[in-house]
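J.: This is the structure, below, for whatever I ask next.
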Amino acid sequence: MINENPIGLFDSGIGGTSIWKEVHSLLPNENTIYLADSKNAPYGLKSKEEIIALSSKNTELLLNLNCKIIIVACNTATTNAIKELREKYDVPFIGIEPAIKPAAIQSKTQKIGILATKGTLNSDLFHKSVANHPEVKIIEQIGHGLVQLIENGDIDSPDMEDLLKSYLNPMIEKNIDFLVLGCSHYPYLIPQIKKIIPSKIRIIDSGEAVAKQTQNILEQNSLINTSKNKSSQIFYTNSETEVLNSILDYKEKVIYRNF
Ligand code: DGL
């Protein structure tokens, strides 16, 4: 089966490229189009209605570009809008949610920390996943300011270090043994986080699981691309291209587009 139409991904900005990297590494034959809606970042402080409207706008552009499946590479958009997107558009959607389940199952101290946006932590979908694990204590922390610093390219800055310490130290004191990264921007902070938390605390994000789920859904719907043609990877941003280029090591194709 050869379906060369691209996989579409979108995020409020550059963070969802952490998901794109996992998808591309598992499915290198697939063509992909990534939308970085950096102009509207952060989504995490917006209302549910605004997040649904922005997610619909991104979906419509990806559908106009002939995408065969859409990965909502943003926890905030998934937890607030995926139900509405699935109702509105006739295309398979893959969402990304904080990996509470694997952390809860493996935790020995029965205490896990989660760092995510306000929009994700306040969503009904997130409350439902937490309610499935009454055996563990979940220490929630909104990552105020982290997305803005990442979007500005200030990943390795003193401000970032201060913010991360203020969010992580209280979790360390509460004896967590898992830290769930519930925002697709945060995997870019793993080196900085590792300098703060003890090595016995495991960091979990959802990238690999999303890539596997994408593969399964493509196979189930006969949408997989088995063509041996060189695949094309396109990144559209509606803000400046520099930061997106730098996290992709300037290797990929980053294009400004007004959307
Ligand atoms: N990358 C996003 C997420 O996974 C959204 C961050 C934001 O825009 O607030 O939640």
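Going through the structure tokens in order, the chains are called A, B, and so on, while each chain numbers its residues from 1 and the ligands are numbered from 1 in the order shown.
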Distance limit 7 Å, reference ligand 1, atoms considered: only C-alpha atoms and all ligand atoms. Which residues make the cut? Give them as number ranges by chain.
T.: A: 11-13, 15-16, 41-45, 73-77, 116-117, 120, 147, 182-185
J.: Write down as a count of residues only the residues belonging to segment 28-250 of chain A that are assigned alpha helix (DSSP H) by DSSP computed on the backbone.
T.: 99
J.: Excluding Ser246 of chain A and its own-chain neighbours fewer than 6 positions away, which residues fall within 12 Å of it when counting only C-alpha atoms? Please give them as a PyMOL selection string.
T.: chain A and resi 14+17+150-155+188+240+252-254
J.: Considering only C-alpha atoms, state which residue in the set A:His24, A:Lys83, A:Lys46, A:Lys68 is at the smallest distance from Ser222 of chain A.
T.: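 Among the listed residues, A:Lys68 lies closest to Ser222 of chain A.
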J.: Nearest residue to Ile69 of chain A out of A:His133, A:Arg86, A:Lys57, A:His144, using only C-alpha atoms?
T.: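 Smallest separation from Ile69 of chain A among the options: A:Arg86.
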J.: Looking at only C-alpha atoms, which of A:Asn3, A:Ser38, A:Ser227, A:Asn169 is the one that sits closest to Glu242 of chain A?
T.: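 When distances to Glu242 of chain A are compared using only C-alpha atoms, the smallest one comes from A:Ser38.
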J.: Applying 9 Å and only C-alpha atoms, which residues near Ser55 of chain A remain after dropping the ones on its own chain fewer than 3 positions away? List them as a PyMOL selection string.
T.: chain A and resi 10-12+50-52+58-60+72+77-78+81-82+85
J.: Just list the residues in segment 135-196 of chain A DSSP gives strand (DSSP E or B) on the backbone, as a VMD selection string.
T.: chain A and resid 137 to 142 178 to 182
J.: Selected residues, N, CA, C and O atoms, written as a CSV table (one decimal), in the first residue's frame, please.
T.:
```
chain,number,residue,atom,x,y,z
A,137,LYS,N,-0.1,9.7,44.5
A,137,LYS,CA,-0.3,11.1,44.7
A,137,LYS,C,0.4,11.8,43.5
A,137,LYS,O,1.5,11.6,43.2
A,138,ILE,N,-0.4,12.7,42.9
A,138,ILE,CA,0.1,13.4,41.7
A,138,ILE,C,0.4,14.9,42.1
A,138,ILE,O,-0.5,15.6,42.5
A,139,ILE,N,1.6,15.3,42.0
A,139,ILE,CA,2.0,16.6,42.4
A,139,ILE,C,2.0,17.5,41.1
A,139,ILE,O,2.9,17.2,40.2
A,140,GLU,N,1.0,18.3,40.9
A,140,GLU,CA,0.9,19.1,39.7
A,140,GLU,C,1.6,20.4,39.8
A,140,GLU,O,1.5,21.1,40.8
A,141,GLN,N,2.2,20.8,38.7
A,141,GLN,CA,2.9,22.1,38.7
A,141,GLN,C,2.7,22.8,37.3
A,141,GLN,O,3.1,22.1,36.3
A,142,ILE,N,2.1,24.0,37.3
A,142,ILE,CA,2.0,24.7,36.0
A,142,ILE,C,3.4,25.2,35.7
A,142,ILE,O,4.1,25.8,36.5
A,178,PHE,N,8.9,9.8,39.7
A,178,PHE,CA,8.7,10.0,38.2
A,178,PHE,C,8.3,11.4,38.0
A,178,PHE,O,7.6,12.0,38.8
A,179,LEU,N,8.9,12.0,36.9
A,179,LEU,CA,8.5,13.4,36.5
A,179,LEU,C,7.9,13.2,35.1
A,179,LEU,O,8.6,12.8,34.2
A,180,VAL,N,6.6,13.6,35.0
A,180,VAL,CA,5.9,13.5,33.7
A,180,VAL,C,6.0,14.9,33.0
A,180,VAL,O,5.6,15.9,33.6
A,181,LEU,N,6.5,14.9,31.8
A,181,LEU,CA,6.6,16.2,31.1
A,181,LEU,C,5.3,16.2,30.2
A,181,LEU,O,5.2,15.5,29.2
A,182,GLY,N,4.4,17.1,30.7
A,182,GLY,CA,3.1,17.1,30.0
A,182,GLY,C,2.9,18.2,29.0
A,182,GLY,O,1.8,18.7,28.9
```
J.: With only C-alpha atoms as the basis for distance, which of A:Glu97, A:Asp37, A:Asp205, A:Glu161 is at the shortest distance from Val130 of chain A?
T.: A:Glu97
J.: Hey, can you check how far atom CA of Ile224 of chain A sits from atom CA of Phe259 of chain A?
T.: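 Interatomic distance here is 27.7 Å.
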J.: Any idea what's packed within 9 Å of Lys165 of chain A, counting only C-alpha atoms, ignoring anything in its chain fewer than 6 positions away? Could you give it as a VMD selection string?
T.: chain A and resid 193 196 to 197
J.: So how far away is atom CA of Pro6 of chain A from atom CA of Glu49 of chain A, in Å?
T.: 27.8 Å
J.: Compare A:Ser18, A:Asn80, A:Thr214, A:Asn29 by their minimum atom-to-atom distance to Thr226 of chain A, counting only C-alpha atoms, and give me the closest one.
T.: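 Between A:Ser18, A:Asn80, A:Thr214, A:Asn29, the residue approaching Thr226 of chain A most closely is A:Asn29.
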J.: I'd like to know which of A:Leu244, A:Ile94, A:Ile2, A:Leu61 is closest to Gln213 of chain A, using only C-alpha atoms.
T.: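 Of A:Leu244, A:Ile94, A:Ile2, A:Leu61, the one nearest Gln213 of chain A, counting only C-alpha atoms, is A:Ile94.
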J.: By how many Å are atom CA of Glu4 of chain A and atom CA of Val23 of chain A apart?
T.: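 Separation of atom CA of Glu4 of chain A and atom CA of Val23 of chain A: 15.5 Å.
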